[in-house]
$ cat target39.cif   # mmCIF, C-alpha atoms and all ligand atoms
data_structure
#
loop_
_atom_site.group_PDB
_atom_site.id
_atom_site.type_symbol
_atom_site.label_atom_id
_atom_site.label_comp_id
_atom_site.auth_asym_id
_atom_site.auth_seq_id
_atom_site.Cartn_x
_atom_site.Cartn_y
_atom_site.Cartn_z
ATOM 1 C CA MET A 130 -72.047 -47.688 17.458
ATOM 2 C CA THR A 131 -75.544 -49.133 17.769
ATOM 3 C CA LEU A 132 -78.257 -47.421 15.812
ATOM 4 C CA SER A 133 -81.597 -47.112 17.540
ATOM 5 C CA PRO A 134 -84.643 -48.110 15.463
ATOM 6 C CA GLY A 135 -85.761 -44.497 15.585
ATOM 7 C CA PHE A 136 -82.501 -43.261 14.098
ATOM 8 C CA ARG A 137 -82.647 -45.717 11.194
ATOM 9 C CA GLY A 138 -86.341 -45.088 10.624
ATOM 10 C CA ARG A 139 -85.754 -41.395 10.342
ATOM 11 C CA HIS A 140 -83.300 -41.924 7.493
ATOM 12 C CA ARG A 141 -85.490 -44.434 5.735
ATOM 13 C CA SER A 142 -88.374 -41.989 5.650
ATOM 14 C CA GLN A 143 -86.094 -39.365 4.051
ATOM 15 C CA ALA A 144 -86.524 -36.945 6.942
ATOM 16 C CA ALA A 145 -82.744 -36.824 7.190
ATOM 17 C CA GLY A 146 -82.617 -35.049 3.855
ATOM 18 C CA LEU A 147 -81.777 -37.745 1.380
ATOM 19 C CA PRO A 148 -82.413 -36.923 -2.288
ATOM 20 C CA PRO A 149 -85.684 -38.311 -3.693
ATOM 21 C CA GLY A 150 -85.781 -42.079 -4.202
ATOM 22 C CA GLN A 151 -82.599 -42.769 -2.226
ATOM 23 C CA TYR A 152 -82.155 -45.041 0.806
ATOM 24 C CA LEU A 153 -79.440 -44.905 3.433
ATOM 25 C CA THR A 154 -76.674 -47.478 3.558
ATOM 26 C CA THR A 155 -73.754 -47.755 5.950
ATOM 27 C CA ASP A 156 -71.609 -50.114 3.885
ATOM 28 C CA PHE A 157 -69.864 -49.047 0.676
ATOM 29 C CA PRO A 158 -71.210 -51.094 -2.273
ATOM 30 C CA VAL A 159 -68.833 -51.737 -5.177
ATOM 31 C CA LEU A 160 -70.291 -51.524 -8.688
ATOM 32 C CA SER A 161 -67.990 -52.490 -11.503
ATOM 33 C CA ALA A 162 -68.151 -52.294 -15.268
ATOM 34 C CA GLY A 163 -64.867 -54.092 -15.808
ATOM 35 C CA PRO A 164 -61.815 -55.569 -14.150
ATOM 36 C CA THR A 165 -60.297 -53.495 -11.348
ATOM 37 C CA PRO A 166 -57.164 -51.719 -12.640
ATOM 38 C CA ARG A 167 -54.114 -52.136 -10.403
ATOM 39 C CA ILE A 168 -52.072 -48.963 -10.776
ATOM 40 C CA SER A 169 -48.987 -48.358 -8.670
ATOM 41 C CA ARG A 170 -48.266 -44.862 -7.411
ATOM 42 C CA GLU A 171 -45.031 -44.944 -9.427
ATOM 43 C CA ARG A 172 -46.972 -45.529 -12.634
ATOM 44 C CA TRP A 173 -49.811 -43.188 -11.717
ATOM 45 C CA GLU A 174 -50.076 -39.805 -13.351
ATOM 46 C CA PHE A 175 -52.808 -37.256 -13.860
ATOM 47 C CA THR A 176 -53.207 -35.049 -16.894
ATOM 48 C CA ILE A 177 -55.387 -32.086 -17.790
ATOM 49 C CA ARG A 178 -55.458 -31.508 -21.550
ATOM 50 C CA THR A 179 -56.939 -28.265 -22.789
ATOM 51 C CA GLU A 180 -58.932 -27.615 -25.951
ATOM 52 C CA HIS A 181 -55.658 -26.236 -27.392
ATOM 53 C CA GLN A 182 -53.965 -29.616 -26.729
ATOM 54 C CA VAL A 183 -51.818 -28.136 -23.965
ATOM 55 C CA GLU A 184 -51.030 -30.830 -21.397
ATOM 56 C CA HIS A 185 -50.594 -30.290 -17.673
ATOM 57 C CA ARG A 186 -49.195 -33.348 -15.932
ATOM 58 C CA TRP A 187 -48.753 -34.403 -12.309
ATOM 59 C CA SER A 188 -46.911 -37.425 -10.970
ATOM 60 C CA TRP A 189 -47.954 -38.921 -7.644
ATOM 61 C CA SER A 190 -45.284 -36.960 -5.748
ATOM 62 C CA GLN A 191 -46.196 -33.721 -7.542
ATOM 63 C CA LEU A 192 -49.824 -34.264 -6.516
ATOM 64 C CA GLN A 193 -48.723 -34.621 -2.892
ATOM 65 C CA GLN A 194 -47.071 -31.191 -3.042
ATOM 66 C CA LEU A 195 -50.415 -29.457 -3.587
ATOM 67 C CA PRO A 196 -52.468 -28.246 -0.590
ATOM 68 C CA VAL A 197 -54.275 -31.082 1.197
ATOM 69 C CA GLN A 198 -58.021 -30.849 1.675
ATOM 70 C CA THR A 199 -60.188 -33.148 3.820
ATOM 71 C CA PRO A 200 -63.767 -33.044 2.519
ATOM 72 C CA THR A 201 -66.553 -34.807 4.442
ATOM 73 C CA VAL A 202 -69.379 -35.377 2.001
ATOM 74 C CA ASP A 203 -72.536 -37.396 1.288
ATOM 75 C CA LEU A 204 -72.483 -39.866 -1.616
ATOM 76 C CA HIS A 205 -75.528 -40.626 -3.770
ATOM 77 C CA CYS A 206 -75.414 -43.570 -6.178
ATOM 78 C CA VAL A 207 -77.826 -43.751 -9.105
ATOM 79 C CA THR A 208 -78.663 -47.318 -7.986
ATOM 80 C CA LYS A 209 -80.430 -45.581 -5.062
ATOM 81 C CA TRP A 210 -78.118 -45.971 -2.106
ATOM 82 C CA SER A 211 -76.757 -42.955 -0.276
ATOM 83 C CA LYS A 212 -73.951 -42.896 2.243
ATOM 84 C CA LEU A 213 -73.610 -39.907 4.542
ATOM 85 C CA ALA A 214 -70.610 -38.082 5.988
ATOM 86 C CA THR A 215 -67.807 -39.948 4.233
ATOM 87 C CA SER A 216 -64.386 -38.441 4.876
ATOM 88 C CA TRP A 217 -61.677 -38.115 2.275
ATOM 89 C CA ARG A 218 -58.263 -36.607 1.775
ATOM 90 C CA GLY A 219 -57.023 -35.211 -1.486
ATOM 91 C CA VAL A 220 -56.474 -32.211 -3.693
ATOM 92 C CA SER A 221 -59.000 -29.654 -4.880
ATOM 93 C CA LEU A 222 -59.565 -29.416 -8.627
ATOM 94 C CA ASP A 223 -59.302 -25.642 -8.115
ATOM 95 C CA ASP A 224 -55.613 -26.079 -7.311
ATOM 96 C CA LEU A 225 -55.079 -28.367 -10.303
ATOM 97 C CA PHE A 226 -56.837 -25.910 -12.621
ATOM 98 C CA ALA A 227 -54.983 -22.868 -11.196
ATOM 99 C CA GLY A 228 -52.443 -22.781 -14.029
ATOM 100 C CA VAL A 229 -54.727 -24.096 -16.772
ATOM 101 C CA ASP A 230 -55.766 -21.640 -19.453
ATOM 102 C CA THR A 231 -59.103 -22.772 -20.837
ATOM 103 C CA ALA A 232 -62.436 -21.449 -22.049
ATOM 104 C CA ALA A 233 -63.888 -24.922 -22.543
ATOM 105 C CA GLU A 234 -67.252 -25.526 -20.903
ATOM 106 C CA PHE A 235 -67.186 -29.332 -20.852
ATOM 107 C CA ALA A 236 -64.907 -31.970 -19.434
ATOM 108 C CA MET A 237 -64.417 -35.645 -20.189
ATOM 109 C CA VAL A 238 -62.917 -37.493 -17.262
ATOM 110 C CA HIS A 239 -60.746 -40.484 -18.249
ATOM 111 C CA SER A 240 -59.803 -43.428 -16.070
ATOM 112 C CA PHE A 241 -57.233 -46.187 -16.164
ATOM 113 C CA GLY A 242 -59.161 -49.137 -17.616
ATOM 114 C CA GLY A 243 -60.961 -46.985 -20.166
ATOM 115 C CA TYR A 244 -63.929 -45.613 -18.197
ATOM 116 C CA THR A 245 -65.106 -42.106 -19.080
ATOM 117 C CA THR A 246 -67.682 -39.660 -17.734
ATOM 118 C CA ASN A 247 -68.598 -36.151 -18.878
ATOM 119 C CA LEU A 248 -69.608 -33.101 -16.890
ATOM 120 C CA PRO A 249 -69.519 -29.296 -17.133
ATOM 121 C CA VAL A 250 -66.175 -27.737 -16.158
ATOM 122 C CA ALA A 251 -68.089 -25.453 -13.749
ATOM 123 C CA ASP A 252 -69.009 -28.534 -11.695
ATOM 124 C CA LEU A 253 -65.325 -29.302 -11.148
ATOM 125 C CA LEU A 254 -64.481 -25.836 -9.767
ATOM 126 C CA ASP A 255 -65.270 -23.589 -6.777
ATOM 127 C CA GLY A 256 -64.682 -26.209 -4.089
ATOM 128 C CA LYS A 257 -67.025 -28.790 -5.590
ATOM 129 C CA ALA A 258 -64.586 -31.497 -6.703
ATOM 130 C CA TRP A 259 -61.394 -33.235 -5.611
ATOM 131 C CA ILE A 260 -58.882 -35.869 -6.612
ATOM 132 C CA VAL A 261 -58.906 -38.063 -3.486
ATOM 133 C CA HIS A 262 -56.488 -40.790 -2.427
ATOM 134 C CA THR A 263 -57.464 -41.459 1.219
ATOM 135 C CA TYR A 264 -60.802 -42.726 2.496
ATOM 136 C CA GLU A 265 -61.636 -42.768 6.230
ATOM 137 C CA GLY A 266 -57.965 -42.408 7.071
ATOM 138 C CA ALA A 267 -56.622 -45.240 4.896
ATOM 139 C CA ASP A 268 -55.214 -45.475 1.369
ATOM 140 C CA LEU A 269 -58.106 -45.686 -1.076
ATOM 141 C CA HIS A 270 -58.625 -49.358 -1.947
ATOM 142 C CA PRO A 271 -58.445 -50.269 -5.679
ATOM 143 C CA GLU A 272 -62.065 -51.510 -5.522
ATOM 144 C CA HIS A 273 -63.120 -47.978 -4.652
ATOM 145 C CA GLY A 274 -60.890 -46.354 -7.243
ATOM 146 C CA GLY A 275 -57.443 -46.257 -5.660
ATOM 147 C CA PRO A 276 -54.798 -45.051 -5.942
ATOM 148 C CA ALA A 277 -56.932 -41.973 -6.685
ATOM 149 C CA ARG A 278 -60.431 -41.166 -7.838
ATOM 150 C CA LEU A 279 -62.409 -38.084 -8.721
ATOM 151 C CA LEU A 280 -64.908 -36.964 -6.075
ATOM 152 C CA VAL A 281 -67.822 -34.806 -7.275
ATOM 153 C CA PRO A 282 -70.339 -35.477 -4.514
ATOM 154 C CA HIS A 283 -73.086 -33.119 -5.680
ATOM 155 C CA LEU A 284 -73.680 -35.370 -8.717
ATOM 156 C CA TYR A 285 -74.557 -39.089 -8.805
ATOM 157 C CA LEU A 286 -71.535 -41.189 -7.938
ATOM 158 C CA TRP A 287 -70.912 -42.515 -11.483
ATOM 159 C CA LYS A 288 -69.507 -39.028 -12.209
ATOM 160 C CA SER A 289 -66.870 -39.530 -9.472
ATOM 161 C CA ALA A 290 -64.675 -41.615 -11.750
ATOM 162 C CA LYS A 291 -62.584 -44.310 -10.059
ATOM 163 C CA TRP A 292 -58.922 -44.783 -11.121
ATOM 164 C CA VAL A 293 -58.890 -41.270 -12.567
ATOM 165 C CA ARG A 294 -56.013 -40.505 -14.894
ATOM 166 C CA GLY A 295 -57.004 -37.311 -16.629
ATOM 167 C CA ILE A 296 -59.425 -34.642 -17.723
ATOM 168 C CA GLU A 297 -59.927 -33.663 -21.336
ATOM 169 C CA LEU A 298 -61.384 -30.173 -21.782
ATOM 170 C CA MET A 299 -63.932 -29.954 -24.590
ATOM 171 C CA VAL A 300 -65.552 -27.068 -26.433
ATOM 172 C CA GLN A 301 -68.451 -29.373 -27.341
ATOM 173 C CA ASN A 302 -70.128 -31.795 -24.982
ATOM 174 C CA ARG A 303 -69.828 -35.540 -25.596
ATOM 175 C CA PRO A 304 -71.313 -38.437 -23.604
ATOM 176 C CA GLY A 305 -69.150 -40.657 -21.404
ATOM 177 C CA PHE A 306 -69.401 -44.401 -20.725
ATOM 178 C CA TRP A 307 -72.811 -44.466 -19.006
ATOM 179 C CA GLU A 308 -74.136 -41.205 -20.434
ATOM 180 C CA GLY A 309 -73.899 -42.818 -23.883
ATOM 181 C CA VAL A 310 -76.228 -45.687 -22.948
ATOM 182 C CA GLY A 311 -79.182 -44.080 -21.286
ATOM 183 C CA TYR A 312 -77.892 -42.390 -18.163
ATOM 184 C CA HIS A 313 -78.513 -38.692 -17.661
ATOM 185 C CA ASP A 314 -76.001 -36.220 -19.067
ATOM 186 C CA TYR A 315 -75.799 -34.208 -15.810
ATOM 187 C CA GLY A 316 -76.993 -36.514 -13.001
ATOM 188 C CA ASP A 317 -78.227 -34.205 -10.216
ATOM 189 C CA PRO A 318 -79.516 -36.476 -7.410
ATOM 190 C CA TRP A 319 -81.720 -33.721 -5.961
ATOM 191 C CA ARG A 320 -83.579 -33.472 -9.275
ATOM 192 C CA GLU A 321 -83.462 -37.272 -9.654
ATOM 193 C CA GLN A 322 -81.725 -37.079 -13.045
ATOM 194 C CA ARG A 323 -81.041 -40.799 -13.418
ATOM 195 C CA TYR A 324 -81.846 -41.502 -17.068
ATOM 196 C CA GLN A 325 -81.998 -39.497 -20.295
ATOM 197 C CA GLY A 326 -85.223 -37.520 -20.245
ATOM 198 C CA ASP A 327 -85.474 -37.353 -16.427
ATOM 199 C CA MET B 187 -65.423 -60.364 -10.485
ATOM 200 C CA ALA B 188 -66.765 -61.070 -13.957
ATOM 201 C CA LEU B 189 -69.747 -63.303 -14.567
ATOM 202 C CA ASP B 190 -70.118 -65.341 -17.752
ATOM 203 C CA GLY B 191 -72.244 -64.372 -20.737
ATOM 204 C CA ASN B 192 -75.046 -66.783 -19.860
ATOM 205 C CA THR B 193 -76.000 -64.152 -17.275
ATOM 206 C CA LEU B 194 -77.271 -62.061 -20.201
ATOM 207 C CA ALA B 195 -79.919 -64.608 -21.245
ATOM 208 C CA GLY B 196 -82.525 -62.868 -19.077
ATOM 209 C CA PRO B 197 -81.935 -59.238 -20.036
ATOM 210 C CA LEU B 198 -81.531 -60.120 -23.749
ATOM 211 C CA SER B 199 -84.655 -62.295 -23.878
ATOM 212 C CA GLU B 200 -86.614 -59.137 -23.145
ATOM 213 C CA LEU B 201 -85.365 -57.714 -26.468
ATOM 214 C CA PHE B 202 -84.886 -60.631 -28.851
ATOM 215 C CA ALA B 203 -86.987 -63.600 -29.864
ATOM 216 C CA VAL B 204 -83.863 -65.713 -30.369
ATOM 217 C CA ASP B 205 -81.354 -66.717 -27.699
ATOM 218 C CA VAL B 206 -78.570 -64.193 -28.282
ATOM 219 C CA THR B 207 -76.232 -65.891 -25.797
ATOM 220 C CA ALA B 208 -75.755 -68.544 -28.521
ATOM 221 C CA ALA B 209 -74.741 -65.867 -31.039
ATOM 222 C CA VAL B 210 -71.090 -65.346 -31.941
ATOM 223 C CA SER B 211 -69.761 -61.807 -31.590
ATOM 224 C CA ARG B 212 -66.625 -60.411 -33.188
ATOM 225 C CA CYS B 213 -64.770 -57.961 -30.954
ATOM 226 C CA ALA B 214 -64.303 -54.556 -32.623
ATOM 227 C CA GLY B 215 -61.119 -54.140 -30.579
ATOM 228 C CA CYS B 216 -59.107 -57.247 -31.442
ATOM 229 C CA GLY B 217 -61.262 -59.260 -33.822
ATOM 230 C CA GLN B 218 -61.584 -62.291 -31.558
ATOM 231 C CA GLN B 219 -64.798 -64.262 -32.006
ATOM 232 C CA ASP B 220 -66.657 -65.585 -28.994
ATOM 233 C CA ALA B 221 -70.081 -66.908 -28.191
ATOM 234 C CA VAL B 222 -71.925 -64.222 -26.224
ATOM 235 C CA ALA B 223 -72.183 -66.849 -23.465
ATOM 236 C CA ASP B 224 -68.366 -66.770 -23.191
ATOM 237 C CA LEU B 225 -68.012 -63.002 -22.770
ATOM 238 C CA LEU B 226 -66.944 -61.598 -19.385
ATOM 239 C CA VAL B 227 -69.960 -59.899 -17.887
ATOM 240 C CA TYR B 228 -70.150 -57.180 -15.203
ATOM 241 C CA GLY B 229 -73.395 -55.927 -13.702
ATOM 242 C CA PRO B 230 -76.319 -55.712 -13.325
ATOM 243 C CA ASP B 231 -75.832 -52.152 -12.000
ATOM 244 C CA PRO B 232 -75.516 -49.484 -13.279
ATOM 245 C CA GLY B 233 -75.882 -51.654 -16.419
ATOM 246 C CA TRP B 234 -74.709 -54.913 -17.968
ATOM 247 C CA VAL B 235 -71.267 -54.696 -19.538
ATOM 248 C CA ALA B 236 -69.922 -57.631 -21.569
ATOM 249 C CA ARG B 237 -66.223 -57.634 -22.366
ATOM 250 C CA CYS B 238 -64.019 -59.573 -24.764
ATOM 251 C CA PRO B 239 -62.121 -62.370 -22.973
ATOM 252 C CA GLY B 240 -59.186 -61.660 -25.320
ATOM 253 C CA CYS B 241 -58.621 -57.926 -24.802
ATOM 254 C CA ASP B 242 -61.150 -56.689 -22.189
ATOM 255 C CA SER B 243 -62.777 -54.315 -24.720
ATOM 256 C CA VAL B 244 -66.464 -53.621 -24.199
ATOM 257 C CA VAL B 245 -68.448 -55.723 -26.693
ATOM 258 C CA LEU B 246 -71.977 -54.916 -25.573
ATOM 259 C CA ARG B 247 -73.818 -52.914 -22.948
ATOM 260 C CA ILE B 248 -77.422 -53.059 -21.771
ATOM 261 C CA VAL B 249 -79.025 -50.427 -19.560
ATOM 262 C CA ARG B 250 -82.537 -51.026 -18.295
ATOM 263 C CA GLY B 251 -84.375 -47.815 -17.419
ATOM 264 C CA PRO B 252 -87.935 -47.551 -16.146
ATOM 265 C CA SER B 253 -89.365 -46.976 -19.627
ATOM 266 C CA ALA B 254 -86.661 -48.030 -22.095
ATOM 267 C CA VAL B 255 -83.763 -50.386 -22.647
ATOM 268 C CA TRP B 256 -80.534 -49.089 -24.188
ATOM 269 C CA LEU B 257 -78.554 -51.677 -26.098
ATOM 270 C CA ASP B 258 -75.090 -50.662 -27.266
ATOM 271 C CA LEU B 259 -73.292 -52.927 -29.730
ATOM 272 C CA HIS B 260 -70.602 -50.594 -31.050
ATOM 273 C CA GLY B 261 -67.881 -52.785 -29.570
ATOM 274 C CA SER B 262 -69.173 -55.704 -31.583
ATOM 275 C CA ALA B 263 -68.016 -55.661 -35.204
ATOM 276 C CA ALA B 264 -70.583 -58.341 -36.060
ATOM 277 C CA LEU B 265 -72.984 -60.650 -34.341
ATOM 278 C CA ARG B 266 -73.761 -64.038 -35.938
ATOM 279 C CA ILE B 267 -77.123 -65.203 -34.695
ATOM 280 C CA PRO B 268 -77.932 -68.866 -35.437
ATOM 281 C CA LEU B 269 -81.493 -69.468 -36.656
HETATM 282 ZN ZN ZN A 401 -61.121 -58.192 -28.099
#
$ encode --input "target39.cif" --output "structure tokens"
Amino acid sequence: MTLSPGFRGRHRSQAAGLPPGQYLTTDFPVLSAGPTPRISRERWEFTIRTEHQVEHRWSWSQLQQLPVQTPTVDLHCVTKWSKLATSWRGVSLDDLFAGVDTAAEFAMVHSFGGYTTNLPVADLLDGKAWIVHTYEGADLHPEHGGPARLLVPHLYLWKSAKWVRGIELMVQNRPGFWEGVGYHDYGDPWREQRYQGD
Amino acid sequence: MALDGNTLAGPLSELFAVDVTAAVSRCAGCGQQDAVADLLVYGPDPGWVARCPGCDSVVLRIVRGPSAVWLDLHGSAALRIPL
């Protein structure tokens, strides 16, 4: 597809509804804070651990038995690029939380490779978040978080942890990898919550 | 792809009067000692992350915001800075 100058200009001027300070990109930049973990589907597993230390565990094949959802969402990176209408395939966090008994308000998301990010449990539920394994019809590439990543598109993309391996439910909030060094605790792109104090 | 620790000369010179890339850090994860220049560096965005070449643990992180710099050294058990 060829984009007319008018089409691109409209996005650049934010008329297309980008959050404040963001610009449109059509590629998919890779930001990394460490080596890319290579996790086979056989080794992959996903765990939700409650505040009572109860563990719920899914293997790759158990994940595939849950209802499939196909969200098409906009991505907003704190480094100011946005990418519109990306299509994914995965499992809703609502289905993963269906049998989880918790009153915890906060979640720490853990990744293979040691990355962490924190967010309120409410932001994982009600159709707002997924564990995704397919991007634009193909297996999610390790550079973008494959075999599976979290997708929480209403928050800045650092919250959508690549190589996700589990969620720890917490009664008290605690900062994750970037939240502990200056990035905003919540990260709402529409309120431009990039850094602490924004 | 990791860069080498010399990449940090710029961002660190904003904070320190001495060249910290010449300093020797001791990894809090495995105890290995390396010149900061020899750490494996990822960045610049969302921030600089320097990792131990021995065990991949995070040794230091630098985030540059519009009005502040955050420097995290909790992965560094000690930093020997030559004078
Ligand atoms: Zn080490």
$ interface_residues --input "target39.cif" --of "chain A" --to "chain B" --cutoff "8 Å" --atoms "all atoms listed in the file" --output "list of chain:residue names"
A:Leu160, A:Ser161, A:Ala162, A:Gly163, A:Pro164, A:Val207, A:Thr208, A:Val310, A:Gly311, A:Tyr324
$ axis_aligned_box --input "target39.cif" --around "region 237-241 of chain A" --padding-each-side "4 Å" --output "JSON"
{"center_x": -60.8, "center_y": -40.9, "center_z": -18.1, "size_x": 15.2, "size_y": 18.5, "size_z": 12.1}
$ residues_around --input "target39.cif" --residues "Ala263 (chain B)" --least-positions-apart "4" --cutoff "7 Å" --atoms "all atoms listed in the file" --output "PyMOL selection string"
chain B and resi 212-214
$ resolve_selection --input "target39.cif" --expression "the PyMOL selection byres (((chain B and resi 196) around 12) and not hetatm)" --output "list in words"
Gly191, Asn192, Thr193, Leu194, Ala195, Pro197, Leu198, Ser199, Glu200, Leu201, Phe202, Ala203, Val204, Asp205, Val206, Thr207, Ala223, Pro230, Trp234, Ile248 and Arg250 of chain B
$ atom_distance --input "target39.cif" --atom1 "CA of His283 (chain A)" --atom2 "CA of Gly326 (chain A)"
19.5 Å
$ build_atoms --input "target39.cif" --residues "region 187-200 of chain B" --atoms "N, CA and C atoms" --output "PDB file, in the coordinates of the input"
ATOM      1  N   MET B 187     -65.319 -58.978 -10.000  1.00  0.00           N
ATOM      2  CA  MET B 187     -65.423 -60.364 -10.485  1.00  0.00           C
ATOM      3  C   MET B 187     -66.372 -60.446 -11.670  1.00  0.00           C
ATOM      4  N   ALA B 188     -65.914 -60.977 -12.778  1.00  0.00           N
ATOM      5  CA  ALA B 188     -66.765 -61.070 -13.957  1.00  0.00           C
ATOM      6  C   ALA B 188     -67.636 -62.325 -13.893  1.00  0.00           C
ATOM      7  N   LEU B 189     -68.845 -62.168 -14.393  1.00  0.00           N
ATOM      8  CA  LEU B 189     -69.747 -63.303 -14.567  1.00  0.00           C
ATOM      9  C   LEU B 189     -69.592 -63.797 -16.002  1.00  0.00           C
ATOM     10  N   ASP B 190     -70.209 -64.938 -16.349  1.00  0.00           N
ATOM     11  CA  ASP B 190     -70.118 -65.341 -17.752  1.00  0.00           C
ATOM     12  C   ASP B 190     -71.352 -64.884 -18.526  1.00  0.00           C
ATOM     13  N   GLY B 191     -71.233 -64.949 -19.856  1.00  0.00           N
ATOM     14  CA  GLY B 191     -72.244 -64.372 -20.737  1.00  0.00           C
ATOM     15  C   GLY B 191     -73.622 -64.991 -20.621  1.00  0.00           C
ATOM     16  N   ASN B 192     -73.711 -66.193 -20.048  1.00  0.00           N
ATOM     17  CA  ASN B 192     -75.046 -66.783 -19.860  1.00  0.00           C
ATOM     18  C   ASN B 192     -75.930 -65.908 -18.959  1.00  0.00           C
ATOM     19  N   THR B 193     -75.270 -65.073 -18.149  1.00  0.00           N
ATOM     20  CA  THR B 193     -76.000 -64.152 -17.275  1.00  0.00           C
ATOM     21  C   THR B 193     -76.903 -63.229 -18.095  1.00  0.00           C
ATOM     22  N   LEU B 194     -76.523 -63.008 -19.379  1.00  0.00           N
ATOM     23  CA  LEU B 194     -77.271 -62.061 -20.201  1.00  0.00           C
ATOM     24  C   LEU B 194     -78.527 -62.664 -20.816  1.00  0.00           C
ATOM     25  N   ALA B 195     -78.746 -63.964 -20.632  1.00  0.00           N
ATOM     26  CA  ALA B 195     -79.919 -64.608 -21.245  1.00  0.00           C
ATOM     27  C   ALA B 195     -81.205 -63.888 -20.842  1.00  0.00           C
ATOM     28  N   GLY B 196     -81.322 -63.555 -19.569  1.00  0.00           N
ATOM     29  CA  GLY B 196     -82.525 -62.868 -19.077  1.00  0.00           C
ATOM     30  C   GLY B 196     -82.728 -61.499 -19.694  1.00  0.00           C
ATOM     31  N   PRO B 197     -81.758 -60.575 -19.475  1.00  0.00           N
ATOM     32  CA  PRO B 197     -81.935 -59.238 -20.036  1.00  0.00           C
ATOM     33  C   PRO B 197     -82.083 -59.214 -21.567  1.00  0.00           C
ATOM     34  N   LEU B 198     -81.418 -60.130 -22.284  1.00  0.00           N
ATOM     35  CA  LEU B 198     -81.531 -60.120 -23.749  1.00  0.00           C
ATOM     36  C   LEU B 198     -82.844 -60.732 -24.227  1.00  0.00           C
ATOM     37  N   SER B 199     -83.411 -61.659 -23.444  1.00  0.00           N
ATOM     38  CA  SER B 199     -84.655 -62.295 -23.878  1.00  0.00           C
ATOM     39  C   SER B 199     -85.812 -61.297 -23.875  1.00  0.00           C
ATOM     40  N   GLU B 200     -85.611 -60.191 -23.146  1.00  0.00           N
ATOM     41  CA  GLU B 200     -86.614 -59.137 -23.145  1.00  0.00           C
ATOM     42  C   GLU B 200     -86.630 -58.409 -24.497  1.00  0.00           C
TER      43      GLU B 200
END
